[in-house]
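Next comes target_14.cif, a file with mmCIF, C-alpha atoms.
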data_work
loop_
_atom_site.label_atom_id
_atom_site.label_comp_id
_atom_site.auth_asym_id
_atom_site.auth_seq_id
_atom_site.Cartn_x
_atom_site.Cartn_y
_atom_site.Cartn_z
CA MET J 1 16.46 -3.77 18.08
CA SER J 2 12.69 -3.74 18.08
CA GLY J 3 10.86 -2.61 15.01
CA ALA J 4 11.47 -2.83 11.26
CA GLY J 5 10.06 0.64 10.66
CA ALA J 6 11.49 3.48 8.60
CA TRP J 7 10.77 6.95 9.98
CA ILE J 8 10.49 9.14 6.87
CA ARG J 9 10.47 12.55 8.56
CA TYR J 10 11.47 15.48 6.39
CA GLY J 11 8.25 17.50 6.56
CA GLU J 12 7.34 19.84 9.40
CA PRO J 13 9.84 20.61 12.23
CA LEU J 14 10.57 17.76 14.61
CA ARG J 15 9.01 17.57 18.07
CA PRO J 16 11.07 16.25 21.01
CA GLU J 17 8.56 13.56 21.94
CA GLU J 18 8.85 12.12 18.43
CA LEU J 19 12.51 11.31 19.00
CA ASP J 20 11.62 9.28 22.09
CA PHE J 21 9.17 7.20 20.10
CA ALA J 22 11.49 6.87 17.09
CA ALA J 23 14.41 5.64 19.20
CA GLU J 24 12.17 2.92 20.58
CA HIS J 25 10.41 1.75 17.43
CA TYR J 26 12.31 2.45 14.21
CA ARG J 27 15.22 0.78 12.46
CA ALA J 28 15.99 3.67 10.11
CA ALA J 29 15.25 7.38 9.91
CA ILE J 30 15.39 9.92 7.07
CA LEU J 31 15.64 13.49 8.38
CA GLN J 32 16.34 16.91 6.92
CA PRO J 33 20.10 17.60 6.83
CA TRP J 34 19.86 20.44 9.33
CA GLU J 35 18.46 18.10 12.01
CA LEU J 36 21.97 17.41 13.29
CA GLU J 37 21.11 17.35 16.98
CA ALA J 38 18.20 14.98 16.35
CA ALA J 39 20.48 12.67 14.35
CA ALA J 40 23.11 12.75 17.09
CA GLN J 41 20.50 12.00 19.75
CA LEU J 42 19.12 9.02 17.84
CA LYS J 43 22.62 7.61 17.31
CA ARG J 44 23.46 8.05 21.00
CA ARG J 45 20.31 6.28 22.10
CA ARG J 46 20.25 3.62 19.40
CA PRO J 47 23.67 3.27 17.69
CA GLU J 48 22.47 0.48 15.42
CA MET J 49 19.73 2.68 13.90
CA THR J 50 20.57 3.91 10.39
CA VAL J 51 20.02 7.68 10.35
CA ILE J 52 20.39 9.39 6.98
CA CYS J 53 19.72 12.90 5.71
CA TYR J 54 17.69 14.08 2.75
CA LYS J 55 19.46 15.56 -0.28
CA CYS J 56 17.89 16.18 -3.70
CA LEU J 57 19.90 15.12 -6.74
CA SER J 58 17.88 16.99 -9.34
CA SER J 59 16.74 20.36 -7.97
CA THR J 60 17.66 23.35 -5.88
CA ARG J 61 15.17 25.20 -3.68
CA SER J 62 14.98 28.98 -3.87
CA TYR J 63 13.02 29.28 -0.60
CA GLU J 64 15.65 27.73 1.70
CA PRO J 65 17.66 30.26 3.75
CA GLY J 66 20.55 27.93 4.60
CA PRO J 67 23.25 27.55 5.73
CA VAL J 68 22.31 23.86 5.40
CA HIS J 69 20.25 22.94 2.35
CA SER J 70 18.16 19.97 1.24
CA SER J 71 19.92 20.03 -2.15
CA GLY J 72 23.52 19.21 -2.91
CA VAL J 73 23.94 22.61 -4.55
CA SER J 74 22.16 25.59 -3.01
CA HIS J 75 20.18 28.05 -5.10
CA ALA J 76 22.61 30.85 -4.29
CA GLU J 77 25.58 28.69 -5.27
CA ALA J 78 23.92 27.81 -8.57
CA GLU J 79 23.25 31.51 -9.20
CA GLY J 80 26.90 32.23 -8.45
CA ALA J 81 27.92 29.81 -11.16
CA GLY J 82 26.35 32.20 -13.67
CA GLY J 83 23.13 30.25 -13.94
CA ASP J 84 24.77 27.62 -16.15
CA TRP J 85 23.78 24.81 -13.80
CA PHE J 86 20.06 25.48 -14.17
CA ALA J 87 18.24 23.41 -16.76
CA ARG J 88 16.70 25.61 -19.44
CA ARG J 89 14.00 25.32 -22.03
CA PRO J 90 14.83 26.05 -25.69
CA ASP J 91 13.84 29.69 -25.12
CA GLY J 92 16.37 29.99 -22.29
CA SER J 93 13.89 30.06 -19.39
CA ARG J 94 14.51 28.10 -16.19
CA ILE J 95 12.18 25.30 -15.12
CA GLU J 96 10.21 25.44 -11.89
CA TRP J 97 8.72 22.08 -11.02
CA GLN J 98 4.98 21.63 -11.39
CA ARG J 99 3.23 21.24 -8.01
CA TYR J 100 6.43 22.13 -6.14
CA PRO J 101 6.91 25.93 -6.11
CA GLY J 102 10.46 27.04 -5.52
CA HIS J 103 12.00 23.79 -6.80
CA TRP J 104 14.18 24.43 -9.85
CA GLN J 105 15.44 21.72 -12.18
CA MET J 106 19.22 21.51 -12.38
CA ALA J 107 21.35 20.47 -15.35
CA VAL J 108 22.32 17.10 -13.93
CA TRP J 109 23.97 16.33 -17.27
CA ASP J 110 26.56 19.09 -16.65
CA PRO J 111 29.74 17.44 -15.23
CA ARG J 112 30.54 20.61 -13.29
CA TYR J 113 27.21 20.42 -11.45
CA ARG J 114 27.74 16.75 -10.63
CA GLN J 115 31.25 17.39 -9.35
CA ARG J 116 30.08 20.25 -7.12
CA TRP J 117 27.14 18.20 -5.80
CA VAL J 118 29.47 15.38 -4.79
CA ARG J 119 32.09 17.67 -3.25
CA ASN J 120 29.51 19.62 -1.24
CA VAL J 121 27.70 16.57 0.11
CA VAL J 122 30.81 14.55 0.91
CA ASP J 123 32.37 17.52 2.75
CA GLU J 124 29.15 18.18 4.67
CA LEU J 125 28.83 14.56 5.79
CA ALA J 126 32.49 14.04 6.70
CA ASP J 127 32.10 14.79 10.43
CA SER J 128 28.32 14.48 10.62
CA PRO J 129 26.30 12.26 12.97
CA PHE J 130 24.35 11.11 9.91
CA ASP J 131 25.24 7.67 8.57
CA GLY J 132 24.76 8.85 5.02
CA VAL J 133 22.38 10.37 2.50
CA MET J 134 18.99 9.56 1.03
CA ALA J 135 19.41 11.02 -2.45
CA ASP J 136 15.96 11.97 -3.70
CA ASN J 137 14.76 12.28 -7.29
CA ASP J 138 16.81 9.65 -9.02
CA VAL J 139 14.02 9.97 -11.56
CA TYR J 140 12.96 7.73 -14.41
CA ASP J 141 10.30 9.75 -16.26
CA ASP J 142 9.23 13.39 -16.41
CA TYR J 143 7.35 13.83 -13.13
CA TYR J 144 7.71 17.59 -12.81
CA GLY J 145 6.66 19.14 -16.11
CA LEU J 146 10.08 19.41 -17.75
CA ASP J 147 8.37 19.00 -21.12
CA LEU J 148 11.39 17.89 -23.13
CA PRO J 149 13.36 18.74 -25.20
CA LEU J 150 15.52 21.10 -23.17
CA ARG J 151 18.71 22.89 -24.10
CA GLY J 152 21.23 20.12 -24.69
CA ILE J 153 18.80 17.33 -23.75
CA GLU J 154 16.46 15.43 -26.02
CA SER J 155 15.25 12.52 -23.89
CA MET J 156 14.71 11.22 -20.37
CA ALA J 157 17.19 8.48 -21.20
CA GLN J 158 19.93 11.13 -21.25
CA ILE J 159 18.79 12.45 -17.87
CA ARG J 160 18.70 8.92 -16.42
CA GLU J 161 22.22 8.29 -17.68
CA ALA J 162 23.49 11.52 -16.10
CA LEU J 163 21.82 10.71 -12.79
CA GLY J 164 23.41 7.27 -12.89
CA GLU J 165 26.82 8.94 -13.18
CA LEU J 166 25.97 11.29 -10.30
CA VAL J 167 24.81 8.43 -8.08
CA ALA J 168 28.00 6.46 -8.78
CA ALA J 169 30.28 9.44 -8.10
CA ALA J 170 28.41 10.37 -4.92
CA GLY J 171 28.37 6.75 -3.78
CA GLU J 172 32.12 6.41 -4.23
CA GLY J 173 32.81 9.71 -2.48
CA LEU J 174 30.61 8.95 0.50
CA GLN J 175 31.87 5.39 0.75
CA ASP J 176 35.42 6.72 1.02
CA ARG J 177 34.27 8.66 4.12
CA GLY J 178 32.53 5.64 5.61
CA LYS J 179 29.06 6.93 4.70
CA LEU J 180 26.09 5.41 2.85
CA LEU J 181 24.26 6.58 -0.27
CA ILE J 182 20.64 5.38 -0.52
CA PRO J 183 18.97 6.86 -3.63
CA ASN J 184 15.23 7.13 -4.13
CA ILE J 185 15.35 4.91 -7.21
CA ALA J 186 12.31 5.58 -9.36
CA GLU J 187 10.66 2.75 -11.29
CA SER J 188 13.66 0.45 -11.26
CA ARG J 189 11.38 -2.47 -12.19
CA ARG J 190 11.27 -1.07 -15.75
CA THR J 191 14.99 -1.61 -16.38
CA PRO J 192 16.61 -4.89 -15.30
CA GLY J 193 19.57 -4.25 -13.02
CA ARG J 194 18.72 -0.61 -12.27
CA TRP J 195 17.92 -1.25 -8.60
CA GLN J 196 21.07 -3.30 -8.00
CA GLU J 197 23.28 -0.75 -9.74
CA HIS J 198 21.94 2.32 -7.93
CA ALA J 199 21.61 0.59 -4.54
CA ARG J 200 25.16 -0.75 -4.38
CA TRP J 201 26.49 2.16 -2.32
CA GLY J 202 24.43 1.40 0.76
CA GLY J 203 20.90 0.57 -0.30
CA GLY J 204 17.85 1.90 -2.10
CA PHE J 205 14.62 3.72 -1.27
CA GLU J 206 11.43 2.70 -3.09
CA GLU J 207 8.85 5.43 -2.49
CA VAL J 208 6.03 3.73 -4.42
CA TRP J 209 6.27 0.09 -3.44
CA LEU J 210 3.29 -2.01 -4.62
CA GLY J 211 1.34 1.02 -5.82
CA TYR J 212 1.18 4.71 -6.76
CA SER J 213 -1.58 5.71 -4.34
CA PRO J 214 -3.92 4.20 -1.72
CA THR J 215 -6.37 3.24 -4.45
CA ASP J 216 -4.01 2.79 -7.42
CA LEU J 217 -2.19 -0.39 -6.45
CA PHE J 218 -0.20 -2.42 -8.92
CA ASP J 219 -1.46 -5.50 -10.71
CA PRO J 220 0.19 -8.71 -9.48
CA VAL J 221 2.72 -8.97 -12.29
CA THR J 222 3.93 -5.39 -11.72
CA ALA J 223 4.02 -5.90 -7.95
CA GLU J 224 6.02 -9.09 -8.30
CA ALA J 225 8.57 -7.25 -10.46
CA GLN J 226 9.26 -5.04 -7.42
CA LEU J 227 9.52 -7.78 -4.81
CA PRO J 228 13.27 -8.50 -5.22
CA GLN J 229 13.97 -4.95 -4.00
CA ALA J 230 13.18 -6.13 -0.48
CA ALA J 231 16.31 -8.31 -0.47
CA GLY J 232 18.82 -5.50 -1.05
CA PRO J 233 21.65 -4.88 -1.79
CA GLY J 234 22.32 -2.86 1.34
CA LEU J 235 19.44 -1.34 3.29
CA SER J 236 16.16 -1.42 1.33
CA ILE J 237 13.73 1.23 2.56
CA LEU J 238 10.27 0.45 1.18
CA ARG J 239 7.29 2.79 1.45
CA VAL J 240 3.73 1.72 0.60
CA PRO J 241 1.10 4.43 -0.08
CA THR J 242 -1.82 4.87 2.32
CA ASP J 243 -4.38 7.57 3.05
CA GLY J 244 -2.14 8.77 5.89
CA THR J 245 -3.80 6.73 8.62
CA ASP J 246 -2.24 3.75 10.36
CA THR J 247 -5.49 1.82 10.01
CA HIS J 248 -5.36 1.76 6.21
CA PRO J 249 -5.17 -1.87 4.95
CA ASN J 250 -2.18 -1.06 2.74
CA PHE J 251 -0.04 -0.82 5.90
CA LEU J 252 -0.25 -4.56 6.57
CA TYR J 253 -0.43 -5.40 2.85
CA GLY J 254 3.03 -4.00 2.27
CA LEU J 255 4.44 -5.16 5.59
CA ALA J 256 3.50 -8.76 4.80
CA ALA J 257 5.30 -8.60 1.45
CA PHE J 258 8.26 -6.92 3.17
CA TRP J 259 8.65 -9.93 5.48
CA ILE J 260 7.95 -12.62 2.90
CA PHE J 261 10.49 -11.32 0.37
CA GLY J 262 12.94 -9.38 2.53
CA GLU J 263 12.93 -11.55 5.66
CA GLY J 264 12.58 -8.36 7.71
CA ARG J 265 16.11 -7.16 6.89
CA GLY J 266 15.31 -3.74 5.46
CA ALA J 267 13.13 -0.94 6.79
CA TYR J 268 9.47 -0.32 6.02
CA SER J 269 7.04 2.59 6.05
CA ALA J 270 3.46 3.31 4.95
CA THR J 271 2.41 6.95 4.52
CA GLY J 272 0.12 9.30 2.67
CA HIS J 273 1.37 11.21 -0.37
CA ASP J 274 4.22 13.57 0.68
CA ASP J 275 3.02 12.99 4.24
CA TYR J 276 6.35 13.00 6.03
CA SER J 277 5.48 14.84 9.23
CA LYS J 278 4.11 11.98 11.34
CA LEU J 279 4.98 8.87 13.33
CA GLN J 280 3.45 6.08 11.23
CA HIS J 281 3.18 2.91 13.28
CA VAL J 282 1.18 -0.27 13.86
CA PRO J 283 1.97 -2.98 16.47
CA GLU J 284 2.89 -5.44 13.71
CA LEU J 285 5.79 -3.17 12.74
CA ASP J 286 7.51 -4.14 16.01
CA MET J 287 7.07 -7.88 15.50
CA ASP J 288 10.22 -9.94 15.07
CA LEU J 289 9.17 -13.02 13.12
CA GLY J 290 12.64 -14.53 13.33
CA ALA J 291 14.48 -16.55 10.71
CA PRO J 292 12.52 -18.01 7.79
CA LEU J 293 11.71 -21.71 7.93
CA GLU J 294 11.14 -21.98 4.19
CA GLU J 295 11.35 -20.10 0.90
CA PRO J 296 8.37 -17.89 -0.10
CA GLN J 297 5.47 -20.15 -1.08
CA GLY J 298 3.35 -18.83 -3.95
CA ASP J 299 0.25 -19.87 -5.84
CA ARG J 300 -1.52 -17.59 -8.35
CA HIS J 301 -0.03 -14.39 -6.87
CA VAL J 302 -0.81 -15.34 -3.28
CA TRP J 303 2.34 -15.71 -1.20
CA GLN J 304 3.05 -16.93 2.30
CA ARG J 305 6.02 -17.83 4.47
CA ARG J 306 6.60 -19.43 7.85
CA PHE J 307 9.19 -18.00 10.23
CA ALA J 308 10.68 -19.24 13.48
CA HIS J 309 8.48 -16.83 15.44
CA GLY J 310 5.61 -16.03 13.10
CA PHE J 311 3.91 -16.10 9.74
CA ALA J 312 3.09 -13.70 6.89
CA ALA J 313 0.81 -13.94 3.86
CA VAL J 314 -0.10 -11.51 1.08
CA ASN J 315 -2.60 -11.54 -1.79
CA LEU J 316 -1.25 -9.49 -4.70
CA ASN J 317 -4.31 -10.04 -6.89
CA GLN J 318 -6.62 -7.21 -7.96
CA ASP J 319 -9.72 -9.12 -8.95
CA GLY J 320 -12.27 -9.27 -6.11
CA ARG J 321 -12.97 -12.89 -7.00
CA ARG J 322 -9.38 -13.81 -6.16
CA ARG J 323 -9.84 -14.04 -2.39
CA ARG J 324 -8.01 -17.00 -0.93
CA ARG J 325 -8.27 -19.11 2.21
CA ILE J 326 -4.94 -19.45 4.02
CA ASP J 327 -4.30 -22.28 6.48
CA LEU J 328 -2.36 -20.98 9.49
CA PRO J 329 0.21 -22.65 11.71
CA PRO J 330 -1.02 -23.09 15.29
CA GLY J 331 -0.31 -20.68 18.15
CA LEU J 332 -0.37 -17.36 16.29
CA VAL J 333 -1.58 -13.97 17.55
CA ASP J 334 -2.19 -10.66 15.79
CA GLY J 335 -0.88 -7.20 16.61
CA GLN J 336 -3.33 -6.85 19.51
CA GLY J 337 -2.33 -10.20 20.96
CA ARG J 338 -5.54 -11.95 19.92
CA THR J 339 -5.45 -15.60 18.92
CA VAL J 340 -5.80 -16.23 15.19
CA GLY J 341 -6.45 -19.89 14.66
CA GLY J 342 -7.22 -22.33 11.89
CA SER J 343 -7.42 -20.27 8.73
CA ILE J 344 -8.20 -16.82 7.36
CA VAL J 345 -9.67 -15.54 4.10
CA LEU J 346 -7.32 -13.05 2.47
CA GLU J 347 -8.95 -10.57 0.09
CA PRO J 348 -7.06 -9.11 -2.90
CA HIS J 349 -4.51 -6.43 -1.98
CA ARG J 350 -4.47 -7.54 1.64
CA GLY J 351 -1.78 -8.96 3.87
CA VAL J 352 -1.41 -10.42 7.34
CA VAL J 353 1.54 -10.50 9.74
CA LEU J 354 1.22 -12.76 12.79
CA ARG J 355 3.59 -13.78 15.55
CA ALA J 356 3.89 -16.78 17.80
CA GLY J 357 2.91 -16.04 21.34
CA THR J 358 0.46 -16.13 24.20
CA ALA J 359 -2.94 -14.63 23.45
CA ALA J 360 -4.06 -11.51 25.29
CA SER J 361 -6.16 -12.08 28.40
CA GLY J 362 -9.78 -12.79 27.61
CA ASN J 363 -9.19 -13.56 23.91
#
Using structure tokens, write down the structure from this file.
Amino acid sequence: MSGAGAWIRYGEPLRPEELDFAAEHYRAAILQPWELEAAAQLKRRRPEMTVICYKCLSSTRSYEPGPVHSSGVSHAEAEGAGGDWFARRPDGSRIEWQRYPGHWQMAVWDPRYRQRWVRNVVDELADSPFDGVMADNDVYDDYYGLDLPLRGIESMAQIREALGELVAAAGEGLQDRGKLLIPNIAESRRTPGRWQEHARWGGGFEEVWLGYSPTDLFDPVTAEAQLPQAAGPGLSILRVPTDGTDTHPNFLYGLAAFWIFGEGRGAYSATGHDDYSKLQHVPELDMDLGAPLEEPQGDRHVWQRRFAHGFAAVNLNQDGRRRRRIDLPPGLVDGQGRTVGGSIVLEPHRGVVLRAGTAASGN
């Protein structure tokens, strides 16, 4: 199928014309769990597309009317459990996430909550057109103002351990139904083996690949610690931060690294912060570079790789003095079909993806 793109689309309501474009250009899609007809339509039109639904591991949302919810346990269901499944501060108060009104932290360390989350999600997905679940907020640090300690919890390490147990139980349950679990695995580079362990049920989602924001990109050593994520296991969905426009240079920066280290096997996206209501796309996203002709070639954090039908290079350096000249194989064109010959100068935090082919008329 054409395109290595991931359509991360759990913001505003879907528009019909978006489905037409998505079926033509994307390899994977993450939708809200109530978008059942959209999921079914994508699977009918493109059976090989991986279409998964959003579910939060760590919170419930008090503003959602249901009957389908973006959390594994609805707010009403948690209330019906006597409130015991809500995380609480030492004074007994519940915790609403900073910057996300209506999101309430759940006691993921409570085995009863984990069991109910798994049962609910597995039952919901049993006869669903969705291929599986993108489980959000497999967190590493305190991103939402929990301000530990909490009742029964002293450290983020305890929360990470509990989420690991939830991911494993959910992965096993979904796998038994022929479904995938793809967690949003936060900061796996900080703990060796974390990505492989949490991605073994179908894949992993890295929401901050190569940087935290359009202007806060990782240093080369940190970036290189993330690069193995592109190779799996399962389906690796990698999202690089941009300012929300397709013309932002981070789009090609991340896409080049995606090809060099993942050989184009996963799915890739580049979006603004929490900007999941658009069709992000550049022509290079549809390029099929083919099988690699060599291993990734690196020198001082500049990497390149030749493929049967193209070429990719990326400069992971930060220092403006670290621009590098890259010699190109002959016969390459860019996303607009223009000939790119000889060599290029690649600035820090820039990438290039080129394909073999006939140049556009007049170029």
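Between Val208 (chain J) and the residues J:Asp334, J:Asp246, J:Glu187, J:Glu79, the shortest atom-to-atom distance, using only C-alpha atoms, involves J:Glu187.
Rounded to one decimal, CA of Val314 (chain J) and CA of Ala257 (chain J) lie 6.1 Å from each other.
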Which residues match the PyMOL selection byres ((chain J and resi 120) around 12) in the file above, as an mmCIF file with C-alpha atoms, in the frame of the given file?
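And here's part.cif as it stands now:
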data_model
loop_
_atom_site.group_PDB
_atom_site.id
_atom_site.type_symbol
_atom_site.label_atom_id
_atom_site.label_comp_id
_atom_site.auth_asym_id
_atom_site.auth_seq_id
_atom_site.Cartn_x
_atom_site.Cartn_y
_atom_site.Cartn_z
ATOM 1 C CA LYS J 55 19.460 15.560 -0.280
ATOM 2 C CA LEU J 57 19.900 15.120 -6.740
ATOM 3 C CA VAL J 68 22.310 23.860 5.400
ATOM 4 C CA HIS J 69 20.250 22.940 2.350
ATOM 5 C CA SER J 70 18.160 19.970 1.240
ATOM 6 C CA SER J 71 19.920 20.030 -2.150
ATOM 7 C CA GLY J 72 23.520 19.210 -2.910
ATOM 8 C CA VAL J 73 23.940 22.610 -4.550
ATOM 9 C CA SER J 74 22.160 25.590 -3.010
ATOM 10 C CA GLU J 77 25.580 28.690 -5.270
ATOM 11 C CA TYR J 113 27.210 20.420 -11.450
ATOM 12 C CA ARG J 114 27.740 16.750 -10.630
ATOM 13 C CA GLN J 115 31.250 17.390 -9.350
ATOM 14 C CA ARG J 116 30.080 20.250 -7.120
ATOM 15 C CA TRP J 117 27.140 18.200 -5.800
ATOM 16 C CA VAL J 118 29.470 15.380 -4.790
ATOM 17 C CA ARG J 119 32.090 17.670 -3.250
ATOM 18 C CA VAL J 121 27.700 16.570 0.110
ATOM 19 C CA VAL J 122 30.810 14.550 0.910
ATOM 20 C CA ASP J 123 32.370 17.520 2.750
ATOM 21 C CA GLU J 124 29.150 18.180 4.670
ATOM 22 C CA LEU J 125 28.830 14.560 5.790
ATOM 23 C CA ALA J 126 32.490 14.040 6.700
ATOM 24 C CA ALA J 170 28.410 10.370 -4.920
ATOM 25 C CA GLY J 173 32.810 9.710 -2.480
ATOM 26 C CA LEU J 174 30.610 8.950 0.500
#
Explicit residue set for the PyMOL selection byres ((chain J and resi 11) around 7), as number ranges by chain: J: 9-10, 12-13, 276-277
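Neighbourhood of point (18.9, 14.5, -5.8): residues with an atom at most 6 Å away, counting all atoms listed in the file, are Lys55, Cys56, Leu57, Ser58, Ala135, Asp136 and Asn137 of chain J.
With all atoms listed in the file as the atoms that count, the minimum distance from Ser213 (chain J) to the choices J:Asp274, J:Asp327, J:Glu96, J:Asp84 is reached by J:Asp274.
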Surrounding residues of Met49 (chain J) excluding itself and chain neighbours under 4 positions, 12 Å, all atoms listed in the file, as a VMD selection string: chain J and resid 1 to 7 22 to 30 39 to 45 129 to 132 235 266 to 267
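Residue neighbourhood of Ser62 (chain J), excluding near-sequence residues (fewer than 5 positions): His75, Gly102 and His103 of chain J, at 7 Å, using only C-alpha atoms.
Nearest residue to Gly254 (chain J), choosing from J:Gln32, J:Gln158, J:Ser343, J:Thr242 and counting all atoms listed in the file: J:Thr242.
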Atomic distance CA of Val139 (chain J) - CA of Phe258 (chain J), expressed in Å with one decimal: 23.1 Å
The PyMOL selection byres ((chain J and resi 255) around 10) resolved against shown file, as a count of residues only: 29
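Compared by their closest atoms to Leu328 (chain J), and using all atoms listed in the file, the residues J:Gly341, J:Pro241, J:Pro292, J:Pro90 rank with J:Gly341 nearest.
Taking CA of Asp127 (chain J) and CA of Pro183 (chain J) as endpoints, the distance between them is 20.8 Å.
The residue that comes closest to Gly234 (chain J), out of J:Pro348, J:Pro296, J:Gly202, J:Gly272 and on the basis of only C-alpha atoms, is J:Gly202.
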Residue contacts of Ala223 (chain J) (10 Å, all atoms listed in the file) excluding same-chain residues fewer than 6 positions away, as JSON, numbers by chain: {"J": [189, 209, 210, 211, 217, 257, 301, 316, 317]}
Is it possible to get the axis-aligned box enclosing region 328-337 of chain J (all listed atoms, 6 Å extra per side) as JSON, with centre and edge lengths in Å rounded to one decimal?
{"center_x": -1.6, "center_y": -15.0, "center_z": 15.2, "size_x": 15.5, "size_y": 28.2, "size_z": 23.5}
Please rebuild region 257-263 of chain J with all heavy atoms and give the result as an mmCIF file, in the frame of the given file.
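Result saved to result_11.cif:
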data_model
loop_
_atom_site.group_PDB
_atom_site.id
_atom_site.type_symbol
_atom_site.label_atom_id
_atom_site.label_comp_id
_atom_site.auth_asym_id
_atom_site.auth_seq_id
_atom_site.Cartn_x
_atom_site.Cartn_y
_atom_site.Cartn_z
ATOM 1 N N ALA J 257 4.382 -8.358 2.566
ATOM 2 C CA ALA J 257 5.300 -8.600 1.450
ATOM 3 C C ALA J 257 6.739 -8.299 1.847
ATOM 4 O O ALA J 257 7.677 -8.995 1.420
ATOM 5 C CB ALA J 257 4.885 -7.749 0.253
ATOM 6 N N PHE J 258 6.935 -7.278 2.663
ATOM 7 C CA PHE J 258 8.260 -6.920 3.170
ATOM 8 C C PHE J 258 8.898 -8.102 3.904
ATOM 9 O O PHE J 258 10.069 -8.433 3.704
ATOM 10 C CB PHE J 258 8.118 -5.712 4.091
ATOM 11 C CG PHE J 258 9.323 -5.382 4.924
ATOM 12 C CD1 PHE J 258 10.347 -4.621 4.400
ATOM 13 C CD2 PHE J 258 9.416 -5.807 6.244
ATOM 14 C CE1 PHE J 258 11.459 -4.296 5.178
ATOM 15 C CE2 PHE J 258 10.512 -5.490 7.018
ATOM 16 C CZ PHE J 258 11.543 -4.730 6.480
ATOM 17 N N TRP J 259 8.120 -8.781 4.741
ATOM 18 C CA TRP J 259 8.650 -9.930 5.480
ATOM 19 C C TRP J 259 8.845 -11.142 4.575
ATOM 20 O O TRP J 259 9.864 -11.825 4.628
ATOM 21 C CB TRP J 259 7.718 -10.279 6.642
ATOM 22 C CG TRP J 259 8.105 -9.583 7.902
ATOM 23 C CD1 TRP J 259 7.527 -8.491 8.461
ATOM 24 C CD2 TRP J 259 9.191 -9.941 8.768
ATOM 25 N NE1 TRP J 259 8.176 -8.133 9.618
ATOM 26 C CE2 TRP J 259 9.203 -9.015 9.832
ATOM 27 C CE3 TRP J 259 10.145 -10.949 8.756
ATOM 28 C CZ2 TRP J 259 10.135 -9.064 10.858
ATOM 29 C CZ3 TRP J 259 11.083 -11.006 9.781
ATOM 30 C CH2 TRP J 259 11.075 -10.080 10.818
ATOM 31 N N ILE J 260 7.878 -11.410 3.721
ATOM 32 C CA ILE J 260 7.950 -12.620 2.900
ATOM 33 C C ILE J 260 9.164 -12.575 1.974
ATOM 34 O O ILE J 260 9.864 -13.575 1.801
ATOM 35 C CB ILE J 260 6.651 -12.793 2.101
ATOM 36 C CG1 ILE J 260 5.482 -13.075 3.052
ATOM 37 C CG2 ILE J 260 6.787 -13.921 1.078
ATOM 38 C CD1 ILE J 260 4.121 -12.963 2.388
ATOM 39 N N PHE J 261 9.436 -11.398 1.383
ATOM 40 C CA PHE J 261 10.490 -11.320 0.370
ATOM 41 C C PHE J 261 11.767 -10.664 0.852
ATOM 42 O O PHE J 261 12.803 -10.768 0.191
ATOM 43 C CB PHE J 261 9.948 -10.621 -0.878
ATOM 44 C CG PHE J 261 8.857 -11.408 -1.541
ATOM 45 C CD1 PHE J 261 7.525 -11.136 -1.261
ATOM 46 C CD2 PHE J 261 9.164 -12.451 -2.382
ATOM 47 C CE1 PHE J 261 6.510 -11.884 -1.843
ATOM 48 C CE2 PHE J 261 8.160 -13.203 -2.967
ATOM 49 C CZ PHE J 261 6.831 -12.927 -2.695
ATOM 50 N N GLY J 262 11.725 -10.001 1.999
ATOM 51 C CA GLY J 262 12.940 -9.380 2.530
ATOM 52 C C GLY J 262 13.403 -9.981 3.833
ATOM 53 O O GLY J 262 14.450 -9.580 4.351
ATOM 54 N N GLU J 263 12.606 -10.886 4.396
ATOM 55 C CA GLU J 263 12.930 -11.550 5.660
ATOM 56 C C GLU J 263 13.130 -10.546 6.797
ATOM 57 O O GLU J 263 13.839 -10.806 7.759
ATOM 58 C CB GLU J 263 14.174 -12.434 5.500
ATOM 59 C CG GLU J 263 13.993 -13.503 4.448
ATOM 60 C CD GLU J 263 15.233 -14.357 4.237
ATOM 61 O OE1 GLU J 263 16.206 -14.193 5.013
ATOM 62 O OE2 GLU J 263 15.242 -15.164 3.291
#
